[in-house]
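Source file: start.csv. Holds: CSV, N, CA and C atoms.
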chain,number,residue,atom,x,y,z
D,70,MET,N,10.3,6.6,1.7
D,70,MET,CA,9.5,5.8,0.8
D,70,MET,C,10.3,5.5,-0.5
D,71,ASP,N,11.0,6.5,-1.0
D,71,ASP,CA,11.7,6.3,-2.2
D,71,ASP,C,12.8,5.3,-2.0
D,72,LEU,N,13.5,5.3,-0.9
D,72,LEU,CA,14.5,4.3,-0.6
D,72,LEU,C,13.9,2.9,-0.6
D,73,MET,N,12.8,2.7,0.0
D,73,MET,CA,12.1,1.4,0.1
D,73,MET,C,11.7,1.0,-1.3
D,74,LYS,N,11.2,1.9,-2.1
D,74,LYS,CA,10.8,1.6,-3.5
D,74,LYS,C,12.0,1.1,-4.3
D,75,ARG,N,13.1,1.8,-4.1
D,75,ARG,CA,14.3,1.4,-4.9
D,75,ARG,C,14.8,0.0,-4.4
D,76,THR,N,14.7,-0.2,-3.1
D,76,THR,CA,15.2,-1.5,-2.5
D,76,THR,C,14.3,-2.6,-3.1
D,77,LEU,N,13.0,-2.4,-3.1
D,77,LEU,CA,12.1,-3.4,-3.7
D,77,LEU,C,12.4,-3.7,-5.1
D,78,LEU,N,12.6,-2.7,-5.9
D,78,LEU,CA,12.9,-2.8,-7.3
D,78,LEU,C,14.2,-3.6,-7.5
D,79,MET,N,15.2,-3.3,-6.7
D,79,MET,CA,16.5,-4.0,-6.7
D,79,MET,C,16.3,-5.5,-6.4
D,80,GLY,N,15.5,-5.7,-5.4
D,80,GLY,CA,15.2,-7.1,-5.0
D,80,GLY,C,14.5,-7.9,-6.1
D,81,ILE,N,13.6,-7.3,-6.7
D,81,ILE,CA,12.8,-7.9,-7.8
D,81,ILE,C,13.8,-8.1,-9.0
D,82,GLY,N,14.6,-7.1,-9.3
D,82,GLY,CA,15.6,-7.3,-10.3
D,82,GLY,C,16.6,-8.4,-10.1
D,83,ALA,N,17.0,-8.5,-8.8
D,83,ALA,CA,18.0,-9.6,-8.5
D,83,ALA,C,17.3,-10.9,-8.6
D,84,ILE,N,16.0,-11.0,-8.3
D,84,ILE,CA,15.3,-12.3,-8.4
D,84,ILE,C,15.2,-12.6,-9.9
D,85,SER,N,14.9,-11.6,-10.7
D,85,SER,CA,14.7,-11.8,-12.2
D,85,SER,C,16.1,-12.3,-12.8
D,86,LEU,N,17.1,-11.6,-12.4
D,86,LEU,CA,18.4,-11.9,-12.9
D,86,LEU,C,18.8,-13.3,-12.5
D,87,SER,N,18.5,-13.7,-11.2
D,87,SER,CA,18.8,-15.1,-10.8
D,87,SER,C,18.0,-16.1,-11.6
D,88,ALA,N,16.8,-15.8,-11.9
D,88,ALA,CA,16.0,-16.7,-12.7
D,88,ALA,C,16.6,-16.9,-14.1
D,89,GLU,N,17.1,-15.8,-14.7
D,89,GLU,CA,17.7,-15.9,-16.0
D,89,GLU,C,19.0,-16.7,-15.9
D,90,ARG,N,19.8,-16.5,-14.9
D,90,ARG,CA,21.0,-17.2,-14.8
D,90,ARG,C,20.7,-18.7,-14.5
D,91,ALA,N,19.6,-19.0,-13.8
D,91,ALA,CA,19.2,-20.4,-13.5
D,91,ALA,C,18.9,-21.0,-14.9
D,92,ARG,N,18.1,-20.3,-15.7
D,92,ARG,CA,17.8,-20.9,-17.1
D,92,ARG,C,19.1,-21.2,-17.9
D,93,GLU,N,20.0,-20.2,-17.8
D,93,GLU,CA,21.2,-20.4,-18.6
D,93,GLU,C,22.0,-21.6,-18.0
D,94,PHE,N,22.0,-21.7,-16.7
D,94,PHE,CA,22.7,-22.9,-16.1
D,94,PHE,C,22.1,-24.2,-16.5
D,95,VAL,N,20.8,-24.2,-16.4
D,95,VAL,CA,20.0,-25.5,-16.8
D,95,VAL,C,20.3,-25.8,-18.3
D,96,ASN,N,20.2,-24.8,-19.1
D,96,ASN,CA,20.4,-25.0,-20.5
D,96,ASN,C,21.8,-25.5,-20.8
D,97,ASP,N,22.8,-25.0,-20.0
D,97,ASP,CA,24.2,-25.5,-20.1
D,97,ASP,C,24.3,-26.9,-19.7
D,98,LEU,N,23.6,-27.3,-18.7
D,98,LEU,CA,23.6,-28.7,-18.2
D,98,LEU,C,23.0,-29.6,-19.3
D,99,VAL,N,21.9,-29.2,-19.9
D,99,VAL,CA,21.2,-29.9,-21.0
D,99,VAL,C,22.2,-30.1,-22.2
D,100,GLU,N,22.8,-29.0,-22.6
D,100,GLU,CA,23.8,-29.0,-23.7
D,100,GLU,C,24.9,-30.0,-23.4
D,101,ARG,N,25.4,-30.1,-22.2
D,101,ARG,CA,26.5,-30.9,-21.9
D,101,ARG,C,26.1,-32.4,-21.7
D,102,GLY,N,24.7,-32.6,-21.7
D,102,GLY,CA,24.2,-33.9,-21.6
D,102,GLY,C,24.1,-34.4,-20.2
D,103,GLU,N,24.3,-33.6,-19.2
D,103,GLU,CA,24.3,-34.0,-17.8
D,103,GLU,C,22.8,-34.2,-17.3
D,104,ILE,N,21.9,-33.5,-17.9
D,104,ILE,CA,20.5,-33.8,-17.6
D,104,ILE,C,19.7,-33.8,-18.9
D,105,THR,N,18.5,-34.4,-18.9
D,105,THR,CA,17.7,-34.4,-20.1
D,105,THR,C,17.0,-33.0,-20.3
D,106,LYS,N,16.4,-32.8,-21.4
D,106,LYS,CA,15.7,-31.6,-21.7
D,106,LYS,C,14.5,-31.5,-20.7
D,107,GLU,N,13.8,-32.7,-20.5
D,107,GLU,CA,12.7,-32.7,-19.6
D,107,GLU,C,13.0,-32.4,-18.2
D,108,GLN,N,14.2,-32.9,-17.8
D,108,GLN,CA,14.7,-32.6,-16.4
D,108,GLN,C,15.0,-31.1,-16.3
D,109,GLY,N,15.6,-30.6,-17.3
D,109,GLY,CA,15.9,-29.2,-17.3
D,109,GLY,C,14.7,-28.3,-17.3
D,110,SER,N,13.7,-28.7,-18.1
D,110,SER,CA,12.4,-28.0,-18.1
D,110,SER,C,11.8,-28.0,-16.7
D,111,ALA,N,11.8,-29.2,-16.0
D,111,ALA,CA,11.2,-29.3,-14.7
D,111,ALA,C,12.0,-28.4,-13.7
D,112,MET,N,13.3,-28.4,-13.9
D,112,MET,CA,14.1,-27.6,-13.0
D,112,MET,C,13.8,-26.1,-13.1
D,113,VAL,N,13.6,-25.7,-14.4
D,113,VAL,CA,13.3,-24.3,-14.6
D,113,VAL,C,12.0,-23.9,-14.0
D,114,LYS,N,11.0,-24.8,-14.2
D,114,LYS,CA,9.7,-24.6,-13.6
D,114,LYS,C,9.7,-24.5,-12.1
D,115,GLU,N,10.5,-25.4,-11.5
D,115,GLU,CA,10.6,-25.4,-10.0
D,115,GLU,C,11.3,-24.1,-9.6
D,116,LEU,N,12.3,-23.7,-10.3
D,116,LEU,CA,13.0,-22.4,-9.9
D,116,LEU,C,12.1,-21.2,-10.1
D,117,ALA,N,11.3,-21.2,-11.1
D,117,ALA,CA,10.4,-20.1,-11.4
D,117,ALA,C,9.3,-20.1,-10.2
D,118,LYS,N,8.9,-21.3,-9.8
D,118,LYS,CA,7.9,-21.3,-8.7
D,118,LYS,C,8.5,-20.8,-7.4
D,119,ARG,N,9.7,-21.2,-7.2
D,119,ARG,CA,10.4,-20.7,-6.0
D,119,ARG,C,10.6,-19.2,-6.1
D,120,GLY,N,10.9,-18.7,-7.3
D,120,GLY,CA,11.1,-17.3,-7.5
D,120,GLY,C,9.8,-16.5,-7.1
D,121,VAL,N,8.7,-17.0,-7.6
D,121,VAL,CA,7.4,-16.4,-7.3
D,121,VAL,C,7.1,-16.4,-5.8
D,122,GLU,N,7.4,-17.5,-5.1
D,122,GLU,CA,7.2,-17.6,-3.7
D,122,GLU,C,8.1,-16.6,-2.9
D,123,THR,N,9.4,-16.5,-3.4
D,123,THR,CA,10.3,-15.6,-2.8
D,123,THR,C,9.9,-14.2,-2.9
D,124,ARG,N,9.4,-13.9,-4.1
D,124,ARG,CA,8.9,-12.5,-4.4
D,124,ARG,C,7.7,-12.2,-3.5
D,125,GLU,N,6.8,-13.1,-3.3
D,125,GLU,CA,5.6,-12.9,-2.4
D,125,GLU,C,6.1,-12.7,-1.0
D,126,ARG,N,7.0,-13.5,-0.5
D,126,ARG,CA,7.5,-13.3,0.8
D,126,ARG,C,8.2,-12.0,1.0
D,127,LEU,N,9.0,-11.6,0.0
D,127,LEU,CA,9.6,-10.3,0.0
D,127,LEU,C,8.6,-9.1,0.0
D,128,ARG,N,7.5,-9.2,-0.8
D,128,ARG,CA,6.5,-8.2,-0.7
D,128,ARG,C,5.9,-8.1,0.7
D,129,GLY,N,5.6,-9.3,1.3
D,129,GLY,CA,5.0,-9.3,2.6
D,129,GLY,C,5.9,-8.7,3.6
D,130,ILE,N,7.2,-8.9,3.6
D,130,ILE,CA,8.2,-8.4,4.5
D,130,ILE,C,8.3,-6.8,4.3
D,131,ILE,N,8.3,-6.4,3.0
D,131,ILE,CA,8.4,-5.0,2.8
D,131,ILE,C,7.1,-4.3,3.2
D,132,LYS,N,6.0,-4.9,3.0
D,132,LYS,CA,4.7,-4.3,3.4
D,132,LYS,C,4.7,-4.1,4.9
D,133,ALA,N,5.1,-5.1,5.6
D,133,ALA,CA,5.1,-5.1,7.1
D,133,ALA,C,6.1,-4.0,7.6
D,134,GLU,N,7.2,-3.9,6.9
D,134,GLU,CA,8.2,-2.8,7.3
D,134,GLU,C,7.7,-1.4,7.0
D,135,VAL,N,7.0,-1.3,5.9
D,135,VAL,CA,6.4,0.1,5.5
D,135,VAL,C,5.4,0.4,6.6
D,136,LYS,N,4.5,-0.5,6.9
D,136,LYS,CA,3.5,-0.2,7.9
D,136,LYS,C,4.1,0.1,9.2
D,137,LYS,N,5.2,-0.6,9.6
D,137,LYS,CA,5.9,-0.3,10.9
D,137,LYS,C,6.5,1.1,10.8
D,138,ALA,N,7.1,1.5,9.7
D,138,ALA,CA,7.7,2.8,9.5
D,138,ALA,C,6.7,3.9,9.6
D,139,ILE,N,5.5,3.7,9.0
D,139,ILE,CA,4.4,4.7,9.1
D,139,ILE,C,3.9,4.8,10.5
D,140,ARG,N,3.8,3.7,11.2
D,140,ARG,CA,3.3,3.8,12.6
D,140,ARG,C,4.3,4.5,13.4
D,141,GLU,N,5.6,4.2,13.2
D,141,GLU,CA,6.7,4.9,14.0
D,141,GLU,C,6.8,6.4,13.7
D,142,ALA,N,6.4,6.7,12.4
D,142,ALA,CA,6.5,8.1,12.0
D,142,ALA,C,5.3,8.9,12.5
D,143,ASP,N,4.3,8.2,13.1
D,143,ASP,CA,3.1,8.8,13.6
D,143,ASP,C,2.3,9.5,12.5
D,144,ILE,N,2.2,8.9,11.4
D,144,ILE,CA,1.5,9.4,10.2
D,144,ILE,C,0.0,9.0,10.4
D,145,PRO,N,-0.9,9.9,10.3
D,145,PRO,CA,-2.4,9.5,10.5
D,145,PRO,C,-2.8,8.5,9.4
D,146,SER,N,-3.6,7.6,9.8
D,146,SER,CA,-4.2,6.6,8.9
D,146,SER,C,-5.4,7.2,8.1
D,147,VAL,N,-5.8,6.5,7.1
D,147,VAL,CA,-7.0,6.9,6.4
D,147,VAL,C,-8.2,6.9,7.3
D,148,ALA,N,-8.3,5.9,8.2
D,148,ALA,CA,-9.4,5.9,9.2
D,148,ALA,C,-9.4,7.1,10.1
D,149,ASP,N,-8.1,7.5,10.5
D,149,ASP,CA,-8.0,8.7,11.4
D,149,ASP,C,-8.5,9.9,10.7
D,150,LEU,N,-8.1,10.1,9.4
D,150,LEU,CA,-8.6,11.2,8.6
D,150,LEU,C,-10.1,11.2,8.4
D,151,LYS,N,-10.7,10.1,8.2
D,151,LYS,CA,-12.1,10.0,8.0
D,151,LYS,C,-12.8,10.4,9.3
D,152,ARG,N,-12.3,10.0,10.5
D,152,ARG,CA,-12.9,10.4,11.7
D,152,ARG,C,-12.8,11.9,11.9
D,153,LEU,N,-11.7,12.5,11.6
D,153,LEU,CA,-11.6,13.9,11.7
D,153,LEU,C,-12.6,14.6,10.8
D,154,GLU,N,-12.7,14.1,9.5
D,154,GLU,CA,-13.6,14.7,8.6
D,154,GLU,C,-15.1,14.7,9.2
D,155,GLU,N,-15.4,13.6,9.8
D,155,GLU,CA,-16.8,13.4,10.3
D,155,GLU,C,-17.0,14.4,11.5
D,156,LYS,N,-16.0,14.6,12.3
D,156,LYS,CA,-16.0,15.6,13.4
D,156,LYS,C,-16.2,17.0,12.9
D,157,ILE,N,-15.4,17.3,11.9
D,157,ILE,CA,-15.5,18.6,11.3
D,157,ILE,C,-16.9,18.9,10.7
D,158,ASP,N,-17.4,17.9,10.0
D,158,ASP,CA,-18.7,18.0,9.4
D,158,ASP,C,-19.8,18.3,10.5
D,159,LYS,N,-19.7,17.5,11.6
D,159,LYS,CA,-20.6,17.7,12.7
D,159,LYS,C,-20.5,19.2,13.3
D,160,LEU,N,-19.2,19.6,13.4
D,160,LEU,CA,-19.0,21.0,14.0
D,160,LEU,C,-19.6,22.0,13.0
D,161,ILE,N,-19.4,21.8,11.7
D,161,ILE,CA,-20.0,22.7,10.7
D,161,ILE,C,-21.5,22.8,10.8
D,162,GLN,N,-22.1,21.6,10.9
D,162,GLN,CA,-23.6,21.5,11.1
D,162,GLN,C,-24.0,22.2,12.3
D,163,MET,N,-23.3,22.0,13.4
D,163,MET,CA,-23.7,22.6,14.7
D,163,MET,C,-23.6,24.1,14.5
D,164,GLN,N,-22.5,24.6,13.9
D,164,GLN,CA,-22.3,26.0,13.7
D,164,GLN,C,-23.4,26.6,12.8
D,165,GLN,N,-23.7,25.9,11.8
D,165,GLN,CA,-24.8,26.4,10.9
D,165,GLN,C,-26.1,26.4,11.6
D,166,GLY,N,-26.3,25.5,12.5
D,166,GLY,CA,-27.6,25.5,13.3
D,166,GLY,C,-27.6,26.7,14.2
D,167,LYS,N,-26.5,27.0,14.8
D,167,LYS,CA,-26.5,28.2,15.7
D,167,LYS,C,-26.7,29.5,15.0
D,168,ILE,N,-26.1,29.5,13.8
D,168,ILE,CA,-26.3,30.7,12.9
D,168,ILE,C,-27.8,30.9,12.6
D,169,SER,N,-28.4,29.7,12.2
D,169,SER,CA,-29.8,29.8,11.9
D,169,SER,C,-30.6,30.2,13.1
D,170,GLU,N,-30.3,29.7,14.2
D,170,GLU,CA,-31.1,30.0,15.5
D,170,GLU,C,-30.9,31.5,15.7
D,171,LYS,N,-29.7,32.1,15.6
D,171,LYS,CA,-29.5,33.5,15.8
D,171,LYS,C,-30.3,34.3,14.8
D,172,LYS,N,-30.3,33.9,13.6
D,172,LYS,CA,-31.0,34.6,12.5
D,172,LYS,C,-32.5,34.6,12.8
D,173,GLU,N,-33.1,33.4,13.3
D,173,GLU,CA,-34.5,33.4,13.6
D,173,GLU,C,-34.8,34.3,14.7
D,174,ILE,N,-34.0,34.3,15.8
D,174,ILE,CA,-34.2,35.2,16.9
D,174,ILE,C,-34.2,36.6,16.5
D,175,SER,N,-33.2,36.9,15.7
D,175,SER,CA,-33.1,38.3,15.2
D,175,SER,C,-34.4,38.7,14.4
D,176,GLU,N,-34.8,37.8,13.5
D,176,GLU,CA,-36.0,38.1,12.7
D,176,GLU,C,-37.2,38.3,13.5
D,177,LYS,N,-37.4,37.4,14.5
D,177,LYS,CA,-38.5,37.5,15.5
D,177,LYS,C,-38.5,38.8,16.2
D,178,ALA,N,-37.3,39.2,16.6
D,178,ALA,CA,-37.2,40.5,17.3
D,178,ALA,C,-37.6,41.7,16.5
D,179,GLU,N,-37.3,41.6,15.2
D,179,GLU,CA,-37.6,42.7,14.3
D,179,GLU,C,-39.1,42.7,14.0
D,180,GLU,N,-39.8,41.5,14.0
D,180,GLU,CA,-41.2,41.4,13.7
D,180,GLU,C,-42.1,41.9,14.9
D,181,SER,N,-41.6,41.6,16.1
D,181,SER,CA,-42.4,42.0,17.3
D,181,SER,C,-42.4,43.5,17.5
D,182,PRO,N,-43.6,44.1,17.8
D,182,PRO,CA,-43.6,45.5,18.1
D,182,PRO,C,-42.8,45.9,19.3
D,183,SER,N,-42.1,47.0,19.2
D,183,SER,CA,-41.3,47.5,20.3
D,183,SER,C,-42.2,48.1,21.4
D,184,GLN,N,-42.0,47.9,22.6
D,184,GLN,CA,-42.8,48.4,23.7
D,184,GLN,C,-42.1,49.3,24.5

Could I get this file's structure written as structure tokens?
Amino acid sequence: MDLMKRTLLMGIGAISLSAERAREFVNDLVERGEITKEQGSAMVKELAKRGVETRERLRGIIKAEVKKAIREADIPSVADLKRLEEKIDKLIQMQQGKISEKKEISEKAEESPSQ
């Protein structure tokens, strides 16, 4: 999990770094007069939009890979744990019921006169 977290952070860092370099590149084009300021602004917006889309795709890919890794590691899901908790609760209730039944039988035996 730690490796995946580091990989995700590196990917996001690379995307952020690329966006910054893209801004620098566009600003350089504007300064040299190759594009207008408006064109540069539009380019930066488009690059930012693509960056967001890329980040979302990256998150989706990582999420799918993490789920796959968890499945392959045979780690119980939250639903699995809840089902186990419910079974344990039922067993406890059954056990408590049996203890109560034994106690009642014992008390009845003590109350009835011995013959």

note = If you count only C-alpha atoms, the residue of D:Ala178, D:Ala88, D:Val99, D:Ile168 closest to Arg119 in chain D turns out to be D:Ala88

message = So the first atom is CA of Arg92 in chain D and the second is atom N of Leu116 in chain D; what is the distance between them in Å, to one decimal place?
response =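 It comes out at 9.2 Å.
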
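Taking atom N of Arg152 in chain D and atom N of Lys132 in chain D as endpoints, the distance between them is 24.8 Å.
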